[in-house]
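A.B. asks: Here you go, one structure.
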Amino acid sequence: MGETTVTNWFGDLASHPAVVVEAASADDVIAILRDPAKYPSPVRAIGSFHSTAACGAADGGTLVRMSKMNRILSLGKDTVTVEAGAIYIDIAKELEKSGMQFYINTEIGNLSAGSAACCGTKDASMPGEYGQVGSYITGMKMAMADGSVREFSDARAEEMREARSSYGTFGIVTEVTFKIRPMQPLAVRHETYSIPDFVAKLPELLGSGESIMYYLFPFENLVTVEFRHYNLEATGEPDRVAWPLRNYMWGTAGPAFCARVTEDVPSRELGYKIIDGFCALWRFKLENLVRSDFTVAGDQIIRYPTVAGASKYTFSFWAFPEESFGASLTALCDFARDYDARHGYRVNMLFVGYRVLKDQQSLLSYTWNGNAITIDPVSTANPGWEQFLDAYNQFSSDRGAIPLLNQTPGLTRAHVEKAFGDRWRAFAAARRDFDPGNRLLNPYFRDLLGE
(Lines give C-alpha, C1' and ligand atoms only; values in the text may rest on other atoms or scores of the structure.)
Protein backbone atom coordinates (compact mmCIF):
# COMPACT_ATOMS: atom_id res chain seq x y z
CA MET A 1 0.00 0.00 0.00
CA GLY A 2 1.28 3.45 -0.83
CA GLU A 3 1.41 6.38 1.53
CA THR A 4 -0.72 8.66 -0.65
CA THR A 5 -4.49 8.61 -0.34
CA VAL A 6 -6.60 9.64 -3.32
CA THR A 7 -10.40 9.55 -3.13
CA ASN A 8 -13.07 9.60 -5.78
CA TRP A 9 -15.06 12.81 -6.26
CA PHE A 10 -17.68 11.92 -3.67
CA GLY A 11 -15.03 10.88 -1.14
CA ASP A 12 -16.31 7.43 -0.19
CA LEU A 13 -13.71 5.39 -2.13
CA ALA A 14 -10.03 5.66 -1.27
CA SER A 15 -7.05 4.51 -3.32
CA HIS A 16 -3.53 4.26 -1.87
CA PRO A 17 -1.08 4.42 -4.77
CA ALA A 18 2.67 4.33 -4.27
CA VAL A 19 3.05 6.98 -6.98
CA VAL A 20 0.73 9.72 -8.24
CA VAL A 21 1.84 11.37 -11.48
CA GLU A 22 0.31 13.97 -13.80
CA ALA A 23 0.62 13.27 -17.50
CA ALA A 24 0.85 16.30 -19.77
CA SER A 25 1.25 14.41 -23.05
CA ALA A 26 0.94 11.01 -24.66
CA ASP A 27 4.72 10.69 -24.40
CA ASP A 28 4.41 11.05 -20.63
CA VAL A 29 1.92 8.19 -20.51
CA ILE A 30 4.16 6.00 -22.65
CA ALA A 31 7.18 6.72 -20.43
CA ILE A 32 5.18 5.77 -17.33
CA LEU A 33 4.09 2.45 -18.78
CA ARG A 34 7.63 1.60 -19.92
CA ASP A 35 9.20 2.15 -16.49
CA PRO A 36 7.77 -0.32 -13.94
CA ALA A 37 10.66 0.29 -11.54
CA LYS A 38 9.73 3.94 -11.13
CA TYR A 39 6.01 3.50 -11.78
CA PRO A 40 4.89 0.21 -10.22
CA SER A 41 1.84 -1.80 -11.19
CA PRO A 42 -1.07 -1.56 -11.27
CA VAL A 43 -1.14 1.57 -13.41
CA ARG A 44 -4.55 3.26 -13.48
CA ALA A 45 -5.54 6.50 -15.21
CA ILE A 46 -8.20 8.86 -13.85
CA GLY A 47 -9.93 12.01 -15.04
CA SER A 48 -12.34 13.71 -12.65
CA PHE A 49 -12.78 10.40 -10.75
CA HIS A 50 -16.59 10.56 -10.53
CA SER A 51 -16.84 6.76 -10.56
CA THR A 52 -18.88 5.30 -7.72
CA ALA A 53 -17.07 1.93 -7.97
CA ALA A 54 -13.38 1.20 -7.33
CA CYS A 55 -12.43 0.74 -10.99
CA GLY A 56 -9.78 3.49 -10.77
CA ALA A 57 -8.06 2.29 -7.60
CA ALA A 58 -4.29 1.75 -7.84
CA ASP A 59 -3.34 0.49 -4.38
CA GLY A 60 0.43 0.08 -4.20
CA GLY A 61 0.77 1.08 -7.83
CA THR A 62 0.71 4.19 -10.00
CA LEU A 63 -2.19 6.60 -10.41
CA VAL A 64 -1.96 8.72 -13.55
CA ARG A 65 -3.90 11.98 -13.51
CA MET A 66 -4.95 12.96 -17.04
CA SER A 67 -6.46 16.42 -16.48
CA LYS A 68 -3.51 18.30 -18.04
CA MET A 69 -4.09 16.50 -21.34
CA ASN A 70 -7.11 18.66 -22.16
CA ARG A 71 -6.52 20.12 -25.62
CA ILE A 72 -8.99 20.06 -28.49
CA LEU A 73 -6.82 18.81 -31.34
CA SER A 74 -9.07 19.20 -34.38
CA LEU A 75 -12.64 20.04 -35.32
CA GLY A 76 -13.96 18.61 -38.57
CA LYS A 77 -17.27 18.65 -40.39
CA ASP A 78 -18.76 15.88 -38.26
CA THR A 79 -16.05 14.90 -35.76
CA VAL A 80 -13.97 16.44 -32.99
CA THR A 81 -10.68 14.99 -31.75
CA VAL A 82 -9.42 15.77 -28.26
CA GLU A 83 -6.85 14.66 -25.73
CA ALA A 84 -8.11 12.14 -23.20
CA GLY A 85 -8.14 14.54 -20.26
CA ALA A 86 -10.49 17.04 -21.90
CA ILE A 87 -13.80 17.15 -20.06
CA TYR A 88 -17.17 16.86 -21.72
CA ILE A 89 -18.64 20.24 -20.85
CA ASP A 90 -15.54 22.11 -22.06
CA ILE A 91 -15.69 20.31 -25.39
CA ALA A 92 -19.45 21.00 -25.65
CA LYS A 93 -18.91 24.73 -25.09
CA GLU A 94 -16.31 24.83 -27.84
CA LEU A 95 -18.58 22.92 -30.19
CA GLU A 96 -21.39 25.40 -29.56
CA LYS A 97 -19.18 28.23 -30.83
CA SER A 98 -19.13 26.44 -34.20
CA GLY A 99 -22.84 25.59 -34.17
CA MET A 100 -22.18 21.94 -33.32
CA GLN A 101 -23.15 19.61 -30.48
CA PHE A 102 -22.61 16.10 -29.16
CA TYR A 103 -25.12 13.39 -29.99
CA ILE A 104 -25.40 12.67 -26.26
CA ASN A 105 -25.41 15.61 -23.86
CA THR A 106 -24.88 13.59 -20.71
CA GLU A 107 -25.41 15.13 -17.29
CA ILE A 108 -21.97 14.77 -15.69
CA GLY A 109 -19.98 17.39 -17.57
CA ASN A 110 -16.77 16.47 -15.73
CA LEU A 111 -16.67 13.21 -17.68
CA SER A 112 -13.25 13.01 -19.31
CA ALA A 113 -12.91 11.99 -22.94
CA GLY A 114 -10.71 9.05 -21.97
CA SER A 115 -13.32 7.70 -19.57
CA ALA A 116 -16.08 8.23 -22.14
CA ALA A 117 -14.06 6.23 -24.66
CA CYS A 118 -13.51 3.09 -22.57
CA CYS A 119 -16.05 3.16 -19.71
CA GLY A 120 -19.81 2.99 -19.39
CA THR A 121 -22.12 6.02 -19.34
CA LYS A 122 -25.87 6.62 -19.46
CA ASP A 123 -28.36 9.04 -20.88
CA ALA A 124 -31.93 8.71 -22.09
CA SER A 125 -31.75 7.75 -25.75
CA MET A 126 -33.22 10.17 -28.25
CA PRO A 127 -35.55 8.37 -30.69
CA GLY A 128 -33.56 6.02 -32.90
CA GLU A 129 -30.26 6.90 -31.24
CA TYR A 130 -27.88 5.44 -28.70
CA GLY A 131 -27.75 6.45 -25.04
CA GLN A 132 -24.12 5.61 -24.29
CA VAL A 133 -21.47 8.23 -25.07
CA GLY A 134 -18.89 5.70 -26.22
CA SER A 135 -21.17 4.58 -29.05
CA TYR A 136 -20.51 7.93 -30.76
CA ILE A 137 -16.75 7.65 -30.35
CA THR A 138 -15.36 6.61 -33.71
CA GLY A 139 -11.69 6.30 -32.84
CA MET A 140 -9.16 6.42 -30.02
CA LYS A 141 -5.43 6.18 -29.49
CA MET A 142 -4.24 4.07 -26.61
CA ALA A 143 -0.84 3.68 -24.95
CA MET A 144 -0.66 -0.06 -24.39
CA ALA A 145 0.72 -1.88 -21.36
CA ASP A 146 4.18 -2.25 -22.95
CA GLY A 147 4.33 1.43 -23.96
CA SER A 148 3.49 0.86 -27.61
CA VAL A 149 0.74 2.94 -29.22
CA ARG A 150 -2.33 1.45 -30.84
CA GLU A 151 -5.18 3.08 -32.75
CA PHE A 152 -8.72 1.74 -32.51
CA SER A 153 -11.43 2.74 -34.97
CA ASP A 154 -14.71 1.64 -36.47
CA ALA A 155 -12.68 0.19 -39.34
CA ARG A 156 -12.00 -2.76 -37.00
CA ALA A 157 -15.42 -3.00 -35.42
CA GLU A 158 -14.80 -5.96 -33.09
CA GLU A 159 -11.66 -4.44 -31.56
CA MET A 160 -13.50 -1.14 -31.19
CA ARG A 161 -16.32 -2.89 -29.31
CA GLU A 162 -13.75 -4.34 -26.92
CA ALA A 163 -11.93 -1.03 -26.48
CA ARG A 164 -15.14 0.85 -25.68
CA SER A 165 -15.62 -1.34 -22.60
CA SER A 166 -11.99 -1.89 -21.60
CA TYR A 167 -12.09 0.35 -18.50
CA GLY A 168 -8.38 1.07 -18.74
CA THR A 169 -7.43 -2.60 -18.55
CA PHE A 170 -6.07 -2.79 -22.14
CA GLY A 171 -4.07 0.43 -22.06
CA ILE A 172 -4.45 4.15 -21.30
CA VAL A 173 -6.48 6.22 -23.77
CA THR A 174 -4.58 9.33 -24.89
CA GLU A 175 -6.71 10.67 -27.76
CA VAL A 176 -10.41 10.42 -28.62
CA THR A 177 -12.53 11.23 -31.69
CA PHE A 178 -16.26 11.91 -31.22
CA LYS A 179 -18.93 11.96 -33.88
CA ILE A 180 -20.79 15.29 -33.66
CA ARG A 181 -23.78 16.98 -35.33
CA PRO A 182 -25.13 20.48 -36.03
CA MET A 183 -27.02 22.03 -33.12
CA GLN A 184 -30.73 21.22 -33.06
CA PRO A 185 -33.54 22.85 -31.03
CA LEU A 186 -34.49 20.59 -28.13
CA ALA A 187 -37.98 20.52 -26.58
CA VAL A 188 -38.49 19.35 -23.00
CA ARG A 189 -41.47 18.83 -20.70
CA HIS A 190 -42.23 17.04 -17.43
CA GLU A 191 -45.33 15.16 -16.32
CA THR A 192 -46.07 13.50 -12.97
CA TYR A 193 -47.96 10.21 -12.64
CA SER A 194 -48.90 7.87 -9.87
CA ILE A 195 -46.75 4.77 -10.15
CA PRO A 196 -49.69 2.48 -11.12
CA ASP A 197 -50.79 5.00 -13.75
CA PHE A 198 -47.26 5.29 -15.10
CA VAL A 199 -46.90 1.51 -15.36
CA ALA A 200 -50.27 1.26 -17.12
CA LYS A 201 -49.35 4.00 -19.61
CA LEU A 202 -45.80 2.80 -20.15
CA PRO A 203 -46.40 1.10 -23.54
CA GLU A 204 -48.00 4.30 -24.83
CA LEU A 205 -45.20 6.48 -23.46
CA LEU A 206 -42.49 4.26 -24.94
CA GLY A 207 -44.08 4.74 -28.35
CA SER A 208 -44.38 8.52 -28.02
CA GLY A 209 -41.31 9.31 -30.11
CA GLU A 210 -39.61 11.08 -27.21
CA SER A 211 -36.71 10.22 -24.93
CA ILE A 212 -37.68 9.23 -21.40
CA MET A 213 -35.90 9.96 -18.14
CA TYR A 214 -37.70 9.88 -14.79
CA TYR A 215 -37.52 10.88 -11.12
CA LEU A 216 -39.01 8.24 -8.82
CA PHE A 217 -40.47 8.90 -5.35
CA PRO A 218 -41.48 5.41 -4.12
CA PHE A 219 -42.63 6.54 -0.67
CA GLU A 220 -45.01 9.05 -2.26
CA ASN A 221 -46.11 6.65 -5.00
CA LEU A 222 -45.16 9.19 -7.69
CA VAL A 223 -42.92 9.41 -10.73
CA THR A 224 -42.09 12.55 -12.72
CA VAL A 225 -41.12 11.84 -16.32
CA GLU A 226 -38.84 14.04 -18.41
CA PHE A 227 -39.72 13.90 -22.12
CA ARG A 228 -37.36 15.32 -24.78
CA HIS A 229 -37.40 15.51 -28.55
CA TYR A 230 -35.69 17.57 -31.23
CA ASN A 231 -38.05 20.28 -32.43
CA LEU A 232 -36.86 21.41 -35.84
CA GLU A 233 -39.80 23.79 -36.22
CA ALA A 234 -38.76 25.93 -33.24
CA THR A 235 -38.28 29.62 -33.93
CA GLY A 236 -37.01 32.62 -32.02
CA GLU A 237 -34.42 32.62 -29.29
CA PRO A 238 -33.70 29.49 -27.23
CA ASP A 239 -34.69 29.22 -23.57
CA ARG A 240 -31.37 29.32 -21.67
CA VAL A 241 -33.04 29.19 -18.22
CA ALA A 242 -34.90 25.86 -18.14
CA TRP A 243 -31.92 23.51 -17.99
CA PRO A 244 -29.84 25.61 -15.57
CA LEU A 245 -32.85 25.62 -13.22
CA ARG A 246 -33.19 21.84 -13.48
CA ASN A 247 -29.45 21.42 -13.00
CA TYR A 248 -29.40 23.68 -9.95
CA MET A 249 -32.20 21.77 -8.26
CA TRP A 250 -30.74 18.39 -9.19
CA GLY A 251 -27.00 18.99 -8.88
CA THR A 252 -26.75 21.66 -6.15
CA ALA A 253 -29.81 22.53 -4.07
CA GLY A 254 -31.27 19.03 -3.86
CA PRO A 255 -28.31 17.10 -2.45
CA ALA A 256 -27.23 19.97 -0.19
CA PHE A 257 -30.72 20.30 1.29
CA CYS A 258 -31.24 16.56 1.77
CA ALA A 259 -27.83 16.11 3.38
CA ARG A 260 -28.43 19.01 5.75
CA VAL A 261 -31.84 17.69 6.81
CA THR A 262 -30.41 14.21 7.38
CA GLU A 263 -27.65 15.61 9.58
CA ASP A 264 -29.53 18.32 11.49
CA VAL A 265 -33.07 17.05 12.07
CA PRO A 266 -33.02 14.58 14.99
CA SER A 267 -36.45 13.11 14.29
CA ARG A 268 -36.32 10.65 11.40
CA GLU A 269 -40.07 11.02 10.79
CA LEU A 270 -39.89 14.80 10.70
CA GLY A 271 -36.74 14.74 8.56
CA TYR A 272 -38.39 12.71 5.84
CA LYS A 273 -41.51 14.86 5.93
CA ILE A 274 -39.25 17.83 5.23
CA ILE A 275 -37.44 15.98 2.43
CA ASP A 276 -40.78 14.88 0.92
CA GLY A 277 -41.93 18.50 1.00
CA PHE A 278 -38.78 19.56 -0.83
CA CYS A 279 -39.38 16.84 -3.43
CA ALA A 280 -42.92 18.17 -3.95
CA LEU A 281 -41.41 21.59 -4.68
CA TRP A 282 -38.92 19.89 -7.00
CA ARG A 283 -41.75 18.25 -8.95
CA PHE A 284 -43.65 21.54 -9.18
CA LYS A 285 -40.64 23.30 -10.71
CA LEU A 286 -39.99 20.48 -13.14
CA GLU A 287 -43.61 20.41 -14.31
CA ASN A 288 -44.07 24.17 -14.59
CA LEU A 289 -40.67 25.75 -15.17
CA VAL A 290 -38.52 23.15 -16.92
CA ARG A 291 -40.75 23.11 -19.97
CA SER A 292 -39.86 24.64 -23.32
CA ASP A 293 -40.21 24.09 -27.06
CA PHE A 294 -36.69 25.39 -27.74
CA THR A 295 -33.66 24.75 -25.56
CA VAL A 296 -29.98 24.18 -26.31
CA ALA A 297 -29.08 20.51 -25.89
CA GLY A 298 -25.67 21.27 -24.37
CA ASP A 299 -27.31 23.20 -21.54
CA GLN A 300 -28.25 19.84 -20.00
CA ILE A 301 -24.60 19.20 -19.12
CA ILE A 302 -23.59 20.09 -15.55
CA ARG A 303 -20.17 21.38 -14.50
CA TYR A 304 -19.65 19.99 -11.02
CA PRO A 305 -17.07 21.59 -8.72
CA THR A 306 -13.60 20.07 -9.03
CA VAL A 307 -13.63 19.39 -5.28
CA ALA A 308 -16.95 18.08 -3.99
CA GLY A 309 -18.64 20.31 -1.44
CA ALA A 310 -21.89 20.41 0.50
CA SER A 311 -23.89 19.49 -2.62
CA LYS A 312 -22.13 16.21 -3.34
CA TYR A 313 -24.14 13.06 -3.92
CA THR A 314 -23.59 9.49 -5.01
CA PHE A 315 -25.60 6.84 -6.82
CA SER A 316 -25.76 3.32 -8.18
CA PHE A 317 -26.97 1.84 -11.47
CA TRP A 318 -28.78 -1.20 -12.82
CA ALA A 319 -30.44 -1.47 -16.25
CA PHE A 320 -33.64 -3.55 -16.33
CA PRO A 321 -35.04 -5.18 -19.49
CA GLU A 322 -37.68 -2.89 -20.96
CA GLU A 323 -40.19 -5.67 -21.55
CA SER A 324 -40.42 -6.41 -17.81
CA PHE A 325 -39.71 -2.92 -16.51
CA GLY A 326 -43.24 -2.17 -15.28
CA ALA A 327 -43.16 -5.23 -13.04
CA SER A 328 -39.61 -4.44 -11.93
CA LEU A 329 -40.51 -0.86 -11.01
CA THR A 330 -43.52 -2.00 -8.97
CA ALA A 331 -41.35 -4.60 -7.25
CA LEU A 332 -38.67 -1.97 -6.56
CA CYS A 333 -41.17 0.27 -4.77
CA ASP A 334 -42.31 -2.69 -2.66
CA PHE A 335 -38.65 -3.57 -2.00
CA ALA A 336 -37.79 -0.01 -0.87
CA ARG A 337 -40.75 0.21 1.49
CA ASP A 338 -40.13 -3.27 2.89
CA TYR A 339 -36.43 -2.54 3.40
CA ASP A 340 -37.32 0.63 5.28
CA ALA A 341 -39.81 -1.24 7.48
CA ARG A 342 -37.28 -3.94 8.34
CA HIS A 343 -34.06 -1.92 8.56
CA GLY A 344 -35.17 1.67 9.16
CA TYR A 345 -33.39 2.93 6.06
CA ARG A 346 -34.43 4.75 2.90
CA VAL A 347 -32.35 6.78 0.46
CA ASN A 348 -32.49 10.43 1.45
CA MET A 349 -32.93 11.76 -2.08
CA LEU A 350 -34.77 9.77 -4.75
CA PHE A 351 -34.36 7.26 -7.57
CA VAL A 352 -33.85 8.24 -11.20
CA GLY A 353 -33.84 6.27 -14.41
CA TYR A 354 -33.19 6.44 -18.15
CA ARG A 355 -34.60 4.61 -21.12
CA VAL A 356 -31.63 3.42 -23.20
CA LEU A 357 -32.10 1.78 -26.59
CA LYS A 358 -30.49 -1.45 -27.78
CA ASP A 359 -26.79 -0.91 -28.46
CA GLN A 360 -24.07 -3.38 -29.45
CA GLN A 361 -21.32 -0.82 -30.02
CA SER A 362 -19.61 -1.88 -26.79
CA LEU A 363 -18.85 -5.48 -25.78
CA LEU A 364 -20.19 -4.92 -22.26
CA SER A 365 -23.13 -2.74 -23.27
CA TYR A 366 -25.98 -3.04 -20.80
CA THR A 367 -28.44 -2.88 -23.70
CA TRP A 368 -26.75 -5.54 -25.83
CA ASN A 369 -29.83 -7.77 -25.76
CA GLY A 370 -32.47 -5.05 -26.11
CA ASN A 371 -33.85 -1.78 -24.79
CA ALA A 372 -33.49 -1.20 -21.06
CA ILE A 373 -34.68 1.27 -18.44
CA THR A 374 -32.42 1.94 -15.48
CA ILE A 375 -33.31 2.27 -11.82
CA ASP A 376 -30.67 4.34 -10.04
CA PRO A 377 -30.88 5.10 -6.30
CA VAL A 378 -29.40 8.50 -5.43
CA SER A 379 -28.23 9.54 -1.97
CA THR A 380 -25.83 11.67 -0.01
CA ALA A 381 -24.75 8.34 1.54
CA ASN A 382 -26.85 8.69 4.66
CA PRO A 383 -26.03 6.00 7.26
CA GLY A 384 -27.10 2.59 5.97
CA TRP A 385 -26.46 3.39 2.29
CA GLU A 386 -23.83 0.69 1.71
CA GLN A 387 -25.92 -2.03 3.35
CA PHE A 388 -28.93 -0.95 1.29
CA LEU A 389 -26.89 -1.20 -1.91
CA ASP A 390 -25.87 -4.77 -1.09
CA ALA A 391 -29.55 -5.71 -0.87
CA TYR A 392 -30.43 -3.63 -3.93
CA ASN A 393 -27.68 -5.29 -5.98
CA GLN A 394 -29.15 -8.69 -5.23
CA PHE A 395 -32.68 -7.49 -5.98
CA SER A 396 -31.53 -6.15 -9.34
CA SER A 397 -29.45 -9.16 -10.29
CA ASP A 398 -32.33 -11.48 -9.42
CA ARG A 399 -34.55 -9.58 -11.89
CA GLY A 400 -32.09 -9.88 -14.76
CA ALA A 401 -30.73 -6.32 -14.61
CA ILE A 402 -27.28 -5.34 -15.92
CA PRO A 403 -24.80 -3.18 -13.95
CA LEU A 404 -22.16 -0.64 -14.99
CA LEU A 405 -18.67 -1.56 -13.79
CA ASN A 406 -17.82 2.05 -12.94
CA GLN A 407 -21.18 3.13 -11.50
CA THR A 408 -22.46 0.14 -9.50
CA PRO A 409 -20.80 -0.15 -6.07
CA GLY A 410 -20.56 -3.52 -4.37
CA LEU A 411 -20.51 -5.73 -7.45
CA THR A 412 -19.41 -9.33 -7.09
CA ARG A 413 -17.98 -11.77 -9.59
CA ALA A 414 -21.29 -13.65 -9.51
CA HIS A 415 -23.17 -10.47 -10.46
CA VAL A 416 -21.05 -9.75 -13.54
CA GLU A 417 -20.84 -13.35 -14.71
CA LYS A 418 -24.62 -13.63 -14.58
CA ALA A 419 -25.15 -10.25 -16.25
CA PHE A 420 -22.69 -10.61 -19.14
CA GLY A 421 -22.20 -14.37 -19.55
CA ASP A 422 -20.13 -15.18 -22.63
CA ARG A 423 -19.35 -11.49 -23.14
CA TRP A 424 -17.61 -11.39 -19.75
CA ARG A 425 -15.46 -14.35 -20.77
CA ALA A 426 -14.68 -12.61 -24.08
CA PHE A 427 -13.69 -9.46 -22.19
CA ALA A 428 -11.40 -11.49 -19.91
CA ALA A 429 -9.69 -13.12 -22.89
CA ALA A 430 -9.22 -9.78 -24.68
CA ARG A 431 -7.78 -8.21 -21.54
CA ARG A 432 -5.21 -11.00 -21.20
CA ASP A 433 -4.23 -10.59 -24.85
CA PHE A 434 -3.70 -6.84 -24.56
CA ASP A 435 -2.04 -6.94 -21.12
CA PRO A 436 -0.51 -10.38 -20.52
CA GLY A 437 1.74 -9.03 -17.77
CA ASN A 438 -1.17 -7.51 -15.80
CA ARG A 439 0.44 -4.07 -15.85
CA LEU A 440 -2.99 -2.41 -15.65
CA LEU A 441 -4.94 -4.97 -13.65
CA ASN A 442 -6.00 -3.64 -10.24
CA PRO A 443 -7.64 -5.62 -7.40
CA TYR A 444 -11.14 -4.48 -8.40
CA PHE A 445 -10.96 -6.10 -11.82
CA ARG A 446 -8.82 -8.97 -10.58
CA ASP A 447 -11.62 -9.94 -8.16
CA LEU A 448 -14.40 -9.56 -10.74
CA LEU A 449 -12.44 -11.60 -13.28
CA GLY A 450 -11.32 -14.22 -10.76
CA GLU A 451 -7.66 -13.86 -11.81
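Letters A, B, ... go to the chains of the C-alpha coordinates in the order shown; residues in each chain start at 1; ligands are counted from 1 in the same order.
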Produce a table with one row for each residue of segment 222-282 of chain A that has an atom at most 6 Å from any atom of segment 298-311 of chain A, each row naming the nearest atom pair and its distance in Å at one decimal; use only C-alpha atoms; arrange rows by chain and rising residue number; format as a tab-separated table.

C.D. replies:
residue	atom	partner	partner_atom	distance
A:Trp243	CA	A:Gln300	CA	5.6
A:Thr252	CA	A:Ser311	CA	5.0
A:Pro255	CA	A:Ser311	CA	5.0
A:Ala256	CA	A:Ser311	CA	4.2

A.B. asks: Give me, as a tab-separated table, each residue of segment 268-351 of chain A that comes within 8 Å of segment 167-191 of chain A, together with its shortest interatomic pair and the distance in Å at one decimal, counting only C-alpha atoms, with rows ordered by chain and rising residue number.

C.D. replies:
residue	atom	partner	partner_atom	distance
A:Leu286	CA	A:His190	CA	5.9
A:Glu287	CA	A:His190	CA	4.8
A:Asn288	CA	A:His190	CA	7.9
A:Val290	CA	A:Arg189	CA	6.5
A:Arg291	CA	A:Arg189	CA	4.4
A:Ser292	CA	A:Val188	CA	5.5
A:Asp293	CA	A:Ala187	CA	4.2
A:Phe294	CA	A:Ala187	CA	5.2
A:Thr295	CA	A:Leu186	CA	5.0
A:Val296	CA	A:Leu186	CA	6.0
A:Ala297	CA	A:Leu186	CA	5.9

A.B. asks: Could you list, as a VMD selection string, every residue within 9 Å of segment 57-73 of chain A, counting only C-alpha atoms and ignoring same-chain residues fewer than 4 positions away?

C.D. replies: chain A and resid 1 to 3 6 to 7 13 to 26 29 32 39 to 48 80 to 87 91 94 112 to 114 174 to 175 440 to 444

A.B. asks: From segment 139-345 of chain A, collect each residue whose DSSP state is strand (DSSP E or B) and return the set as a PyMOL selection string.

C.D. replies: chain A and resi 139-144+149-153+171-182+185-194+211-217+222-230+239+292-296+302+314-315+318-321

A.B. asks: Which of segment 364-413 of chain A counts as helix (DSSP H, G or I) under DSSP, as a list in words please?

C.D. replies: Trp385, Glu386, Gln387, Phe388, Leu389, Asp390, Ala391, Tyr392, Asn393, Gln394, Phe395, Ser396, Ser397, Asp398 and Arg413 of chain A

A.B. asks: Please, could you write that set of residues out with N, CA and C atoms as an mmCIF file, in the first residue's frame?

C.D. replies:
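Okay, part.cif is ready:
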data_model
loop_
_atom_site.group_PDB
_atom_site.id
_atom_site.type_symbol
_atom_site.label_atom_id
_atom_site.label_comp_id
_atom_site.auth_asym_id
_atom_site.auth_seq_id
_atom_site.Cartn_x
_atom_site.Cartn_y
_atom_site.Cartn_z
ATOM 1 N N TRP A 385 -26.502 3.395 3.754
ATOM 2 C CA TRP A 385 -26.459 3.390 2.289
ATOM 3 C C TRP A 385 -25.763 2.141 1.739
ATOM 4 N N GLU A 386 -24.583 1.810 2.256
ATOM 5 C CA GLU A 386 -23.826 0.691 1.714
ATOM 6 C C GLU A 386 -24.564 -0.628 1.917
ATOM 7 N N GLN A 387 -25.171 -0.804 3.079
ATOM 8 C CA GLN A 387 -25.922 -2.031 3.348
ATOM 9 C C GLN A 387 -27.152 -2.120 2.432
ATOM 10 N N PHE A 388 -27.788 -0.977 2.214
ATOM 11 C CA PHE A 388 -28.926 -0.947 1.295
ATOM 12 C C PHE A 388 -28.490 -1.370 -0.102
ATOM 13 N N LEU A 389 -27.340 -0.867 -0.562
ATOM 14 C CA LEU A 389 -26.888 -1.201 -1.912
ATOM 15 C C LEU A 389 -26.605 -2.689 -2.061
ATOM 16 N N ASP A 390 -26.095 -3.330 -1.004
ATOM 17 C CA ASP A 390 -25.871 -4.774 -1.090
ATOM 18 C C ASP A 390 -27.194 -5.493 -1.375
ATOM 19 N N ALA A 391 -28.239 -5.092 -0.654
ATOM 20 C CA ALA A 391 -29.551 -5.714 -0.868
ATOM 21 C C ALA A 391 -30.108 -5.336 -2.232
ATOM 22 N N TYR A 392 -29.916 -4.083 -2.634
ATOM 23 C CA TYR A 392 -30.429 -3.629 -3.926
ATOM 24 C C TYR A 392 -29.721 -4.332 -5.084
ATOM 25 N N ASN A 393 -28.409 -4.557 -4.937
ATOM 26 C CA ASN A 393 -27.680 -5.285 -5.976
ATOM 27 C C ASN A 393 -28.277 -6.673 -6.186
ATOM 28 N N GLN A 394 -28.591 -7.347 -5.095
ATOM 29 C CA GLN A 394 -29.145 -8.688 -5.229
ATOM 30 C C GLN A 394 -30.546 -8.648 -5.833
ATOM 31 N N PHE A 395 -31.348 -7.678 -5.391
ATOM 32 C CA PHE A 395 -32.681 -7.492 -5.975
ATOM 33 C C PHE A 395 -32.579 -7.318 -7.485
ATOM 34 N N SER A 396 -31.662 -6.463 -7.918
ATOM 35 C CA SER A 396 -31.533 -6.146 -9.340
ATOM 36 C C SER A 396 -31.023 -7.342 -10.128
ATOM 37 N N SER A 397 -30.007 -7.998 -9.607
ATOM 38 C CA SER A 397 -29.455 -9.159 -10.285
ATOM 39 C C SER A 397 -30.503 -10.257 -10.428
ATOM 40 N N ASP A 398 -31.292 -10.454 -9.384
ATOM 41 C CA ASP A 398 -32.331 -11.480 -9.421
ATOM 42 C C ASP A 398 -33.373 -11.209 -10.499
ATOM 43 N N ARG A 413 -18.249 -10.997 -8.391
ATOM 44 C CA ARG A 413 -17.978 -11.774 -9.593
ATOM 45 C C ARG A 413 -19.242 -12.477 -10.073
#

A.B. asks: So that I can check the surroundings of segment 50-55 of chain A, please list as a list of chain:residue names every protein, DNA and RNA residue that reaches within 7 Å of it, counting only C-alpha atoms and ignoring chain neighbours fewer than 5 positions away.

C.D. replies: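 Result of the neighbour search: A:Asn8, A:Trp9, A:Leu13, A:Thr314, A:Phe315, A:Leu405, A:Asn406, A:Gln407, A:Thr408, A:Pro409, A:Tyr444.
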
A.B. asks: With N, CA and C atoms retained, write the just-selected residues as a PDB file, in the first residue's frame.

C.D. replies:
ATOM      1  N   ASN A   8     -12.213   9.223  -4.660  1.00  0.00           N
ATOM      2  CA  ASN A   8     -13.067   9.598  -5.776  1.00  0.00           C
ATOM      3  C   ASN A   8     -13.745  10.936  -5.466  1.00  0.00           C
ATOM      4  N   TRP A   9     -14.493  11.464  -6.428  1.00  0.00           N
ATOM      5  CA  TRP A   9     -15.058  12.809  -6.263  1.00  0.00           C
ATOM      6  C   TRP A   9     -15.951  12.887  -5.032  1.00  0.00           C
ATOM      7  N   LEU A  13     -14.631   6.437  -1.681  1.00  0.00           N
ATOM      8  CA  LEU A  13     -13.711   5.395  -2.127  1.00  0.00           C
ATOM      9  C   LEU A  13     -12.296   5.934  -2.079  1.00  0.00           C
ATOM     10  N   THR A 314     -24.082  10.700  -4.370  1.00  0.00           N
ATOM     11  CA  THR A 314     -23.593   9.490  -5.005  1.00  0.00           C
ATOM     12  C   THR A 314     -24.779   8.666  -5.483  1.00  0.00           C
ATOM     13  N   PHE A 315     -24.512   7.580  -6.188  1.00  0.00           N
ATOM     14  CA  PHE A 315     -25.599   6.840  -6.822  1.00  0.00           C
ATOM     15  C   PHE A 315     -25.124   5.438  -7.178  1.00  0.00           C
ATOM     16  N   LEU A 405     -19.830  -1.234 -14.625  1.00  0.00           N
ATOM     17  CA  LEU A 405     -18.674  -1.558 -13.793  1.00  0.00           C
ATOM     18  C   LEU A 405     -18.121  -0.349 -13.052  1.00  0.00           C
ATOM     19  N   ASN A 406     -18.353   0.847 -13.582  1.00  0.00           N
ATOM     20  CA  ASN A 406     -17.823   2.051 -12.940  1.00  0.00           C
ATOM     21  C   ASN A 406     -18.873   2.829 -12.160  1.00  0.00           C
ATOM     22  N   GLN A 407     -20.129   2.364 -12.171  1.00  0.00           N
ATOM     23  CA  GLN A 407     -21.184   3.128 -11.501  1.00  0.00           C
ATOM     24  C   GLN A 407     -22.075   2.267 -10.612  1.00  0.00           C
ATOM     25  N   THR A 408     -21.669   1.030 -10.346  1.00  0.00           N
ATOM     26  CA  THR A 408     -22.462   0.139  -9.501  1.00  0.00           C
ATOM     27  C   THR A 408     -21.594  -0.363  -8.357  1.00  0.00           C
ATOM     28  N   PRO A 409     -21.631   0.293  -7.204  1.00  0.00           N
ATOM     29  CA  PRO A 409     -20.799  -0.148  -6.075  1.00  0.00           C
ATOM     30  C   PRO A 409     -21.232  -1.514  -5.561  1.00  0.00           C
ATOM     31  N   TYR A 444      -9.720  -4.511  -8.087  1.00  0.00           N
ATOM     32  CA  TYR A 444     -11.137  -4.475  -8.404  1.00  0.00           C
ATOM     33  C   TYR A 444     -11.450  -5.404  -9.575  1.00  0.00           C
TER      34      TYR A 444
END
